[in-house]
file entry_1.txt (compact mmCIF, C-alpha atoms)
# COMPACT_ATOMS: atom_id res chain seq x y z
CA MET A 122 0.00 0.00 0.00
CA ARG A 123 1.23 3.46 -0.76
CA ASP A 124 0.56 5.23 2.50
CA GLY A 125 0.54 2.49 5.09
CA THR A 126 3.01 1.88 7.87
CA LEU A 127 5.71 -0.77 7.96
CA SER A 128 4.16 -4.15 8.67
CA ALA A 129 5.41 -6.80 11.04
CA HIS A 130 8.47 -8.99 10.78
CA GLY A 131 7.32 -11.23 7.93
CA ALA A 132 6.57 -8.39 5.54
CA ALA A 133 9.76 -6.63 6.52
CA LEU A 134 11.77 -9.44 4.95
CA LEU A 135 11.21 -7.89 1.58
CA ALA A 136 11.78 -4.32 2.68
CA GLY A 137 14.54 -2.72 0.71
CA LEU A 138 13.86 -5.06 -2.18
CA THR A 139 10.29 -4.16 -2.95
CA PHE A 140 8.33 -1.39 -1.33
CA ALA A 141 5.09 -3.30 -1.86
CA ALA A 142 6.22 -5.89 0.68
CA ALA A 143 7.48 -3.43 3.25
CA ALA A 144 5.00 -0.54 2.87
CA ALA A 145 5.68 3.11 3.51
CA ALA A 146 7.54 4.85 6.26
CA ALA A 147 4.94 7.07 7.89
CA SER A 148 1.29 8.02 7.60
CA ALA A 149 0.03 11.48 6.76
CA SER A 150 -0.87 12.05 10.39
CA ALA A 151 2.59 11.24 11.72
CA ALA A 152 4.38 13.84 13.78
CA PRO A 153 7.08 15.86 12.01
CA PRO A 154 10.61 14.48 12.36
CA PRO A 155 12.74 15.87 15.18
CA VAL A 156 15.30 18.52 14.38
CA ALA A 157 18.12 16.37 15.71
CA PRO A 158 18.36 12.97 14.01
CA GLU A 159 17.40 9.90 15.99
CA ARG A 160 20.25 7.51 16.62
CA SER A 161 20.32 3.76 16.47
CA MET A 162 20.32 2.02 19.83
CA PRO A 163 23.02 -0.43 20.93
CA ALA A 164 21.60 -3.95 20.75
CA ARG A 165 23.32 -6.93 22.32
CA LEU A 166 21.86 -9.23 19.68
CA ALA A 167 22.16 -6.87 16.71
CA SER A 168 23.95 -9.56 14.71
CA ARG A 169 20.79 -11.68 15.01
CA SER A 170 18.43 -8.93 13.91
CA LEU A 171 16.95 -8.53 10.43
CA LEU A 172 19.73 -7.49 8.04
CA LEU A 173 18.84 -6.38 4.52
CA ASP A 174 22.13 -5.77 2.75
CA ALA A 175 25.89 -6.09 3.11
CA ALA A 176 29.02 -4.97 1.28
CA ASP A 177 32.71 -5.72 1.61
CA ARG A 178 35.89 -4.04 0.43
CA ALA A 179 39.58 -4.32 1.36
CA GLY A 180 38.98 -6.50 4.40
CA LEU A 181 36.00 -4.53 5.74
CA ALA A 182 32.43 -5.86 5.70
CA VAL A 183 29.40 -3.70 6.56
CA ALA A 184 25.86 -4.99 7.07
CA VAL A 185 22.73 -2.87 7.54
CA GLY A 186 19.17 -3.58 8.60
CA GLU A 187 16.28 -2.85 10.89
CA ARG A 188 16.19 0.04 13.40
CA GLY A 189 19.24 1.67 11.84
CA HIS A 190 21.52 -1.23 12.69
CA VAL A 191 25.00 -1.07 11.15
CA LEU A 192 27.39 -3.95 11.79
CA LEU A 193 31.10 -4.14 10.98
CA SER A 194 33.40 -7.14 10.49
CA ARG A 195 37.10 -7.37 9.66
CA ASP A 196 37.54 -11.14 9.89
CA ALA A 197 35.50 -12.50 6.96
CA GLY A 198 32.25 -12.30 8.89
CA LYS A 199 33.31 -14.37 11.89
CA THR A 200 32.70 -11.58 14.41
CA TRP A 201 30.70 -8.36 14.19
CA THR A 202 30.53 -5.11 16.12
CA GLN A 203 27.70 -2.60 16.02
CA ALA A 204 28.37 0.98 14.94
CA GLU A 205 26.15 3.88 15.97
CA ALA A 206 24.14 5.43 13.13
CA PRO A 207 22.18 8.73 13.09
CA THR A 208 18.88 7.02 12.29
CA ARG A 209 16.46 4.35 13.43
CA ALA A 210 15.04 3.95 9.95
CA LEU A 211 15.10 0.58 8.23
CA LEU A 212 18.35 0.52 6.25
CA THR A 213 18.04 -1.37 2.99
CA GLY A 214 21.25 -0.92 1.00
CA VAL A 215 24.96 -0.28 1.50
CA TRP A 216 27.92 0.41 -0.80
CA LEU A 217 31.64 0.67 -0.02
CA HIS A 218 34.03 2.60 -2.24
CA ASP A 219 37.04 1.47 -0.23
CA ALA A 220 37.86 0.52 3.36
CA GLU A 221 37.04 4.05 4.55
CA LEU A 222 34.33 5.61 2.35
CA GLY A 223 30.82 4.22 2.02
CA TRP A 224 27.10 4.98 1.94
CA ALA A 225 23.93 3.37 3.29
CA VAL A 226 20.31 4.05 2.31
CA GLY A 227 16.89 3.23 3.68
CA HIS A 228 13.39 4.29 4.57
CA ASP A 229 12.43 7.94 5.14
CA GLU A 230 14.65 8.71 2.11
CA THR A 231 17.59 8.27 4.43
CA ILE A 232 21.14 8.42 3.05
CA LEU A 233 24.13 7.98 5.36
CA ARG A 234 27.85 8.36 4.63
CA THR A 235 30.95 7.13 6.42
CA ARG A 236 34.51 8.31 5.90
CA ASP A 237 36.18 6.16 8.56
CA GLY A 238 35.32 2.59 7.66
CA GLY A 239 31.86 2.59 9.20
CA LYS A 240 32.88 3.67 12.70
CA THR A 241 30.84 6.87 12.40
CA TRP A 242 28.11 7.93 9.99
CA GLN A 243 26.75 11.27 8.80
CA ARG A 244 23.17 11.69 7.61
CA VAL A 245 23.30 13.50 4.26
CA ARG A 246 19.65 13.12 3.24
CA HIS A 247 16.39 12.61 5.13
CA ALA A 248 12.95 13.25 3.63
CA PRO A 249 10.29 11.22 5.45
CA GLU A 250 7.55 13.47 4.10
CA GLU A 251 8.18 12.05 0.61
CA GLU A 252 7.20 8.54 1.78
CA LYS A 253 9.57 6.98 -0.75
CA PRO A 254 11.87 4.35 0.74
CA LEU A 255 15.29 4.07 -0.86
CA LEU A 256 16.16 0.52 -1.81
CA ASP A 257 19.70 0.35 -3.23
CA VAL A 258 22.85 2.41 -3.75
CA TRP A 259 25.79 2.21 -6.16
CA PHE A 260 28.80 4.49 -6.68
CA ARG A 261 31.13 4.70 -9.69
CA ASP A 262 33.89 6.41 -7.70
CA ASP A 263 34.17 8.61 -4.61
CA LYS A 264 31.95 11.32 -6.14
CA SER A 265 29.44 9.92 -8.65
CA GLY A 266 26.66 7.63 -7.49
CA PHE A 267 23.02 6.60 -7.79
CA VAL A 268 20.24 5.57 -5.45
CA VAL A 269 17.01 3.82 -6.50
CA GLY A 270 13.76 3.42 -4.61
CA ALA A 271 9.99 3.17 -4.55
CA TYR A 272 7.73 4.59 -7.29
CA GLY A 273 10.45 4.82 -9.92
CA LEU A 274 12.70 7.01 -7.78
CA LEU A 275 16.25 7.58 -9.06
CA LEU A 276 18.61 10.02 -7.36
CA ALA A 277 22.07 11.00 -8.60
CA THR A 278 25.01 12.74 -6.94
CA ALA A 279 28.23 14.15 -8.37
CA ASP A 280 29.73 15.37 -5.08
CA GLY A 281 29.98 12.23 -2.98
CA GLY A 282 26.47 12.51 -1.59
CA ASP A 283 26.42 16.10 -0.34
CA THR A 284 23.61 16.88 -2.80
CA TRP A 285 21.24 14.70 -4.79
CA GLU A 286 19.10 15.40 -7.84
CA PRO A 287 16.19 13.33 -9.17
CA ARG A 288 16.56 11.63 -12.54
CA THR A 289 13.94 10.05 -14.78
CA VAL A 290 14.32 6.41 -15.72
CA ALA A 291 11.11 6.13 -17.76
CA GLU A 292 8.53 8.90 -18.04
CA GLY A 293 5.31 7.96 -16.24
CA ASP A 294 6.71 4.65 -14.96
CA ASP A 295 6.31 4.39 -11.19
CA ARG A 296 7.32 0.78 -10.71
CA HIS A 297 9.53 0.27 -7.69
CA LEU A 298 13.23 0.09 -8.55
CA ASN A 299 14.95 -2.51 -6.42
CA HIS A 300 18.56 -2.69 -7.57
CA VAL A 301 21.21 -0.68 -9.44
CA THR A 302 24.57 -1.99 -10.65
CA GLU A 303 27.23 -1.66 -13.35
CA ALA A 304 28.59 -4.15 -15.84
CA GLY A 305 30.86 -3.65 -18.83
CA GLY A 306 30.63 0.12 -18.68
CA SER A 307 26.82 0.20 -18.66
CA LEU A 308 24.48 0.81 -15.73
CA TYR A 309 21.52 -1.46 -15.02
CA ILE A 310 18.39 -1.11 -12.91
CA SER A 311 15.97 -3.90 -12.05
CA GLY A 312 12.61 -3.66 -10.33
CA GLU A 313 9.04 -4.80 -9.97
CA ALA A 314 6.78 -6.15 -12.70
CA GLY A 315 9.67 -7.14 -14.97
CA ALA A 316 11.37 -3.75 -14.90
CA LEU A 317 14.81 -3.83 -16.53
CA PHE A 318 16.69 -0.73 -17.71
CA ARG A 319 20.15 -0.02 -19.11
CA SER A 320 22.12 3.19 -19.49
CA ASP A 321 25.13 3.40 -21.79
CA ASP A 322 25.96 7.05 -21.02
CA GLY A 323 26.64 7.01 -17.31
CA GLY A 324 23.03 7.28 -16.18
CA GLN A 325 21.93 10.29 -18.25
CA ALA A 326 19.45 8.31 -20.38
CA TRP A 327 17.88 4.91 -19.83
CA GLN A 328 16.35 2.38 -22.19
CA ALA A 329 13.86 -0.29 -21.20
CA LEU A 330 15.03 -3.83 -21.88
CA ALA A 331 12.73 -6.61 -23.04
CA SER A 332 11.91 -8.56 -19.90
CA PRO A 333 11.89 -12.36 -19.90
CA TYR A 334 8.99 -12.44 -17.43
CA GLU A 335 6.43 -10.16 -15.80
CA GLY A 336 7.38 -10.70 -12.18
CA SER A 337 9.64 -8.58 -10.02
CA PHE A 338 13.42 -8.72 -10.18
CA PHE A 339 15.28 -8.29 -6.90
CA GLY A 340 18.77 -8.15 -8.36
CA LEU A 341 21.10 -8.19 -11.34
CA LEU A 342 24.47 -9.84 -10.80
CA PRO A 343 27.33 -8.87 -13.17
CA LEU A 344 29.56 -11.86 -13.91
CA SER A 345 33.27 -11.81 -14.69
CA ASP A 346 32.75 -13.48 -18.07
CA GLY A 347 30.58 -10.56 -19.20
CA GLY A 348 27.26 -12.21 -18.46
CA LEU A 349 24.39 -10.92 -16.35
CA LEU A 350 22.30 -12.97 -13.95
CA ALA A 351 18.81 -11.68 -13.06
CA TYR A 352 16.73 -13.24 -10.29
CA GLY A 353 13.34 -12.68 -8.68
CA LEU A 354 10.00 -14.16 -7.70
CA ARG A 355 9.15 -17.87 -7.55
CA GLY A 356 12.64 -19.08 -8.34
CA ASN A 357 12.86 -17.21 -11.61
CA ALA A 358 16.44 -16.68 -12.80
CA PHE A 359 17.75 -15.65 -16.20
CA ARG A 360 21.16 -15.15 -17.79
CA SER A 361 22.09 -12.69 -20.53
CA GLU A 362 25.23 -12.71 -22.68
CA ASP A 363 24.39 -9.56 -24.68
CA LYS A 364 23.92 -6.74 -22.14
CA GLY A 365 20.33 -7.65 -21.37
CA THR A 366 19.04 -7.73 -24.95
CA THR A 367 18.09 -11.41 -24.72
CA TRP A 368 17.75 -13.75 -21.76
CA THR A 369 17.98 -17.50 -21.18
CA ARG A 370 16.04 -19.09 -18.33
CA ILE A 371 18.14 -20.77 -15.65
CA ALA A 372 16.77 -23.88 -13.96
CA SER A 373 16.79 -22.98 -10.27
CA GLY A 374 14.99 -26.05 -8.99
CA THR A 375 12.89 -23.98 -6.60
CA GLU A 376 9.82 -21.77 -6.49
CA ALA A 377 11.16 -19.77 -3.56
CA THR A 378 11.79 -16.09 -4.24
CA LEU A 379 15.45 -15.34 -4.97
CA MET A 380 16.68 -12.20 -3.24
CA THR A 381 20.46 -11.91 -3.55
CA GLY A 382 23.47 -13.14 -5.51
CA ARG A 383 27.24 -13.04 -5.29
CA GLU A 384 30.10 -14.10 -7.58
CA LEU A 385 32.82 -15.71 -5.48
CA GLY A 386 35.63 -16.41 -7.95
CA ASP A 387 36.81 -19.52 -9.81
CA GLY A 388 33.42 -19.83 -11.49
CA LYS A 389 31.54 -20.03 -8.20
CA VAL A 390 28.27 -18.11 -7.92
CA ALA A 391 25.84 -18.17 -4.99
CA VAL A 392 22.19 -17.08 -5.10
CA ALA A 393 19.96 -17.16 -2.03
CA GLY A 394 16.48 -16.17 -0.98
CA MET A 395 13.38 -17.06 0.95
CA ALA A 396 12.68 -20.33 2.78
CA GLY A 397 16.35 -21.10 3.36
CA VAL A 398 17.11 -21.56 -0.33
CA LEU A 399 20.76 -21.49 -1.41
CA LEU A 400 21.75 -22.02 -5.06
CA TRP A 401 25.36 -22.88 -5.89
CA SER A 402 27.06 -22.74 -9.29
CA GLU A 403 30.60 -23.73 -10.24
CA ASP A 404 30.31 -22.86 -13.94
CA GLY A 405 29.82 -19.12 -13.78
CA GLY A 406 26.09 -19.14 -13.12
CA ARG A 407 25.00 -21.35 -16.01
CA THR A 408 23.79 -24.25 -13.88
CA PHE A 409 22.99 -24.43 -10.17
CA ARG A 410 22.63 -26.98 -7.41
CA LEU A 411 19.93 -26.41 -4.81
CA ARG A 412 20.31 -26.58 -1.05
CA GLU A 413 17.51 -25.87 1.40
CA LEU A 414 18.86 -24.86 4.79
CA ASP A 415 17.17 -26.48 7.76
CA ASP A 416 16.29 -23.18 9.45
CA ARG A 417 14.37 -22.04 6.33
CA LYS A 418 15.23 -18.42 7.10
CA ALA A 419 15.35 -15.81 4.36
CA SER A 420 18.73 -14.64 3.07
CA LEU A 421 18.94 -11.08 1.75
CA ALA A 422 22.71 -10.66 1.28
CA ILE A 423 25.76 -12.85 0.70
CA LEU A 424 29.39 -12.25 1.65
CA PRO A 425 32.40 -14.48 1.02
CA GLY A 426 33.36 -16.35 4.16
CA ALA A 427 36.51 -17.98 5.40
CA GLU A 428 38.09 -20.97 3.62
CA GLY A 429 35.62 -21.17 0.76
CA GLY A 430 32.49 -20.66 2.81
CA VAL A 431 29.86 -17.95 2.60
CA VAL A 432 28.13 -15.69 5.09
CA LEU A 433 24.39 -15.32 4.63
CA LEU A 434 22.64 -12.30 6.12
CA GLY A 435 18.93 -11.70 6.47
CA GLU A 436 16.23 -13.06 8.72
CA GLY A 437 17.91 -14.00 11.98
CA GLY A 438 20.97 -11.88 11.23
CA VAL A 439 24.35 -13.37 10.33
CA ARG A 440 24.67 -17.06 9.37
CA PRO A 441 28.11 -18.41 8.37
CA ILE A 442 27.93 -21.43 6.06
CA GLU A 443 31.30 -23.19 6.16
CA LYS A 444 30.55 -25.69 3.39
CA PRO A 445 27.84 -24.52 0.99
CA PHE A 446 28.05 -27.89 -0.79
call {"tool": "encode", "arguments": {"input": "entry_1.txt", "output": "structure tokens"}}
result
Amino acid sequence: MRDGTLSAHGAALLAGLTFAAAAAAASASAAPPPVAPERSMPARLASRSLLLDAADRAGLAVAVGERGHVLLSRDAGKTWTQAEAPTRALLTGVWLHDAELGWAVGHDETILRTRDGGKTWQRVRHAPEEEKPLLDVWFRDDKSGFVVGAYGLLLATADGGDTWEPRTVAEGDDRHLNHVTEAGGSLYISGEAGALFRSDDGGQAWQALASPYEGSFFGLLPLSDGGLLAYGLRGNAFRSEDKGTTWTRIASGTEATLMTGRELGDGKVAVAGMAGVLLWSEDGGRTFRLRELDDRKASLAILPGAEGGVVLLGEGGVRPIEKPF
């Protein structure tokens, strides 16, 4: 719904990936935001709370999630510490430029920035009155970046996040935009109802790509061989070898919604999602084996773990998987 409040835990699993499943931030009757930003609260079990996204760079991993939680790890996800953030909004996406500079986004049109490896964060944007949750963030370098969100929202910055300007992806198209990424010099956006877009000029203009199905996409994974892997509802996964012009269906072996993917090197690709589903490929994402984890918890982000393992993050927080298969 477009002007409801965030629902309970189950619906929140999809927050940051589709606004329809996580609803809006505040109702029209809500009190105006305080002048001073709220701050996240220390939580002894923060690493077991709902986490919606994670990023890693140069030995640093950052995970974000409910109630403004920001977690940091420097040992391949074995241990985590909580950092204070100037928000209690649901944080849905995070991007690291290097081991010092990064950004996080979330509900209430919240954008945070760190310049010290996640130890402290500055709130650079906050617009709860817009009722447009931000769902993903990507930066080309330390200055130029993009954020996507609900109702076709696309924001761009050229100054490292100090200021943001709205951009148009497709005139009159208000489908929720779930993910933004780069591959082969082009930018890609995926979203609800089969939304797929590509920009070949650095995000100035966007063209709609022919979608292989009408359901929502929750991510596009660039692969080192030049391919693209798209994944979404009911186990749907597709691979493109021509910059998204045509797509080939991938047999996932599941009808569970696929929420996140990660290329791990040496041809290994992991895709995970709802109901404890973990897909594992050793041929660059062309074929997958299916594993259903016993806890059946949703995974919303994947990080490389120690000694060939992976770290799943999502419902129930952090879950190291030492031997995926």
call {"tool": "residues_around", "arguments": {"input": "entry_1.txt", "residues": "His218 of chain A", "least_positions_apart": "3", "cutoff": "12 Å", "atoms": "only C-alpha atoms", "output": "list in words"}}
result
Ala176, Asp177, Arg178, Ala179, Leu181, Ala182, Val183, Val215, Glu221, Leu222, Gly223, Trp224, Ala225, Arg234, Thr235, Arg236, Asp237, Gly238, Gly239, Val258, Trp259, Phe260, Arg261, Asp262, Asp263, Lys264, Ser265, Gly266 and Gly281 of chain A
call {"tool": "write_last_selection", "arguments": {"input": "entry_1.txt", "atoms": "C-alpha atoms", "output": "PDB file, keeping the file's coordinate frame"}}
result
ATOM      1  CA  ALA A 176      29.020  -4.970   1.280  1.00  0.00           C
ATOM      2  CA  ASP A 177      32.710  -5.720   1.610  1.00  0.00           C
ATOM      3  CA  ARG A 178      35.890  -4.040   0.430  1.00  0.00           C
ATOM      4  CA  ALA A 179      39.580  -4.320   1.360  1.00  0.00           C
ATOM      5  CA  LEU A 181      36.000  -4.530   5.740  1.00  0.00           C
ATOM      6  CA  ALA A 182      32.430  -5.860   5.700  1.00  0.00           C
ATOM      7  CA  VAL A 183      29.400  -3.700   6.560  1.00  0.00           C
ATOM      8  CA  VAL A 215      24.960  -0.280   1.500  1.00  0.00           C
ATOM      9  CA  GLU A 221      37.040   4.050   4.550  1.00  0.00           C
ATOM     10  CA  LEU A 222      34.330   5.610   2.350  1.00  0.00           C
ATOM     11  CA  GLY A 223      30.820   4.220   2.020  1.00  0.00           C
ATOM     12  CA  TRP A 224      27.100   4.980   1.940  1.00  0.00           C
ATOM     13  CA  ALA A 225      23.930   3.370   3.290  1.00  0.00           C
ATOM     14  CA  ARG A 234      27.850   8.360   4.630  1.00  0.00           C
ATOM     15  CA  THR A 235      30.950   7.130   6.420  1.00  0.00           C
ATOM     16  CA  ARG A 236      34.510   8.310   5.900  1.00  0.00           C
ATOM     17  CA  ASP A 237      36.180   6.160   8.560  1.00  0.00           C
ATOM     18  CA  GLY A 238      35.320   2.590   7.660  1.00  0.00           C
ATOM     19  CA  GLY A 239      31.860   2.590   9.200  1.00  0.00           C
ATOM     20  CA  VAL A 258      22.850   2.410  -3.750  1.00  0.00           C
ATOM     21  CA  TRP A 259      25.790   2.210  -6.160  1.00  0.00           C
ATOM     22  CA  PHE A 260      28.800   4.490  -6.680  1.00  0.00           C
ATOM     23  CA  ARG A 261      31.130   4.700  -9.690  1.00  0.00           C
ATOM     24  CA  ASP A 262      33.890   6.410  -7.700  1.00  0.00           C
ATOM     25  CA  ASP A 263      34.170   8.610  -4.610  1.00  0.00           C
ATOM     26  CA  LYS A 264      31.950  11.320  -6.140  1.00  0.00           C
ATOM     27  CA  SER A 265      29.440   9.920  -8.650  1.00  0.00           C
ATOM     28  CA  GLY A 266      26.660   7.630  -7.490  1.00  0.00           C
ATOM     29  CA  GLY A 281      29.980  12.230  -2.980  1.00  0.00           C
TER      30      GLY A 281
END
call {"tool": "closest_residue", "arguments": {"input": "entry_1.txt", "among": "A:Leu349, A:Leu172, A:Ala291, A:Ala271", "to": "Tyr309 of chain A", "atoms": "all atoms listed in the file"}}
result
A:Leu349
call {"tool": "atom_distance", "arguments": {"input": "entry_1.txt", "atom1": "atom CA of Arg169 of chain A", "atom2": "atom CA of Trp201 of chain A"}}
result
10.5 Å
call {"tool": "atom_distance", "arguments": {"input": "entry_1.txt", "atom1": "atom CA of Leu433 of chain A", "atom2": "atom CA of Asp257 of chain A"}}
result
18.1 Å
call {"tool": "residues_around", "arguments": {"input": "entry_1.txt", "residues": "Gly426 of chain A", "least_positions_apart": "3", "cutoff": "7 Å", "atoms": "all atoms listed in the file", "output": "list in words"}}
result
Ala197, Gly198, Gly429, Gly430, Val431 and Val432 of chain A
call {"tool": "atom_distance", "arguments": {"input": "entry_1.txt", "atom1": "atom CA of Leu274 of chain A", "atom2": "atom CA of Glu362 of chain A"}}
result
27.7 Å
call {"tool": "closest_residue", "arguments": {"input": "entry_1.txt", "among": "A:Val269, A:Val226, A:Ala427, A:Ala164", "to": "Thr202 of chain A", "atoms": "all atoms listed in the file"}}
result
A:Ala164
call {"tool": "residues_around", "arguments": {"input": "entry_1.txt", "residues": "Asp229 of chain A", "least_positions_apart": "2", "cutoff": "8 Å", "atoms": "all atoms listed in the file", "output": "PyMOL selection string"}}
result
chain A and resi 146+210+227+231+247-255
call {"tool": "closest_residue", "arguments": {"input": "entry_1.txt", "among": "A:Ala326, A:Val268, A:Leu211, A:Leu342", "to": "Glu286 of chain A", "atoms": "all atoms listed in the file"}}
result
A:Val268
call {"tool": "residues_around", "arguments": {"input": "entry_1.txt", "residues": "Lys389 of chain A", "least_positions_apart": "6", "cutoff": "12 Å", "atoms": "only C-alpha atoms", "output": "list in words"}}
result
Leu344, Ser345, Asp346, Gly382, Arg383, Leu400, Trp401, Ser402, Glu403, Asp404, Gly405, Gly406, Arg407, Thr408, Phe409, Arg410, Pro425, Gly429, Gly430, Val431, Pro445 and Phe446 of chain A
call {"tool": "residues_near_point", "arguments": {"input": "entry_1.txt", "point": "(18.8, -7.6, 15.1)", "cutoff": "8 Å", "atoms": "all atoms listed in the file", "output": "PyMOL selection string"}}
result
chain A and resi 164+166-172+186-187+190+437-438
call {"tool": "closest_residue", "arguments": {"input": "entry_1.txt", "among": "A:Pro333, A:Gly356, A:Gly340, A:Gly273", "to": "His300 of chain A", "atoms": "only C-alpha atoms"}}
result
A:Gly340
call {"tool": "closest_residue", "arguments": {"input": "entry_1.txt", "among": "A:Asn357, A:Thr278, A:Ser320, A:Gln328", "to": "Gly374 of chain A", "atoms": "all atoms listed in the file"}}
result
A:Asn357
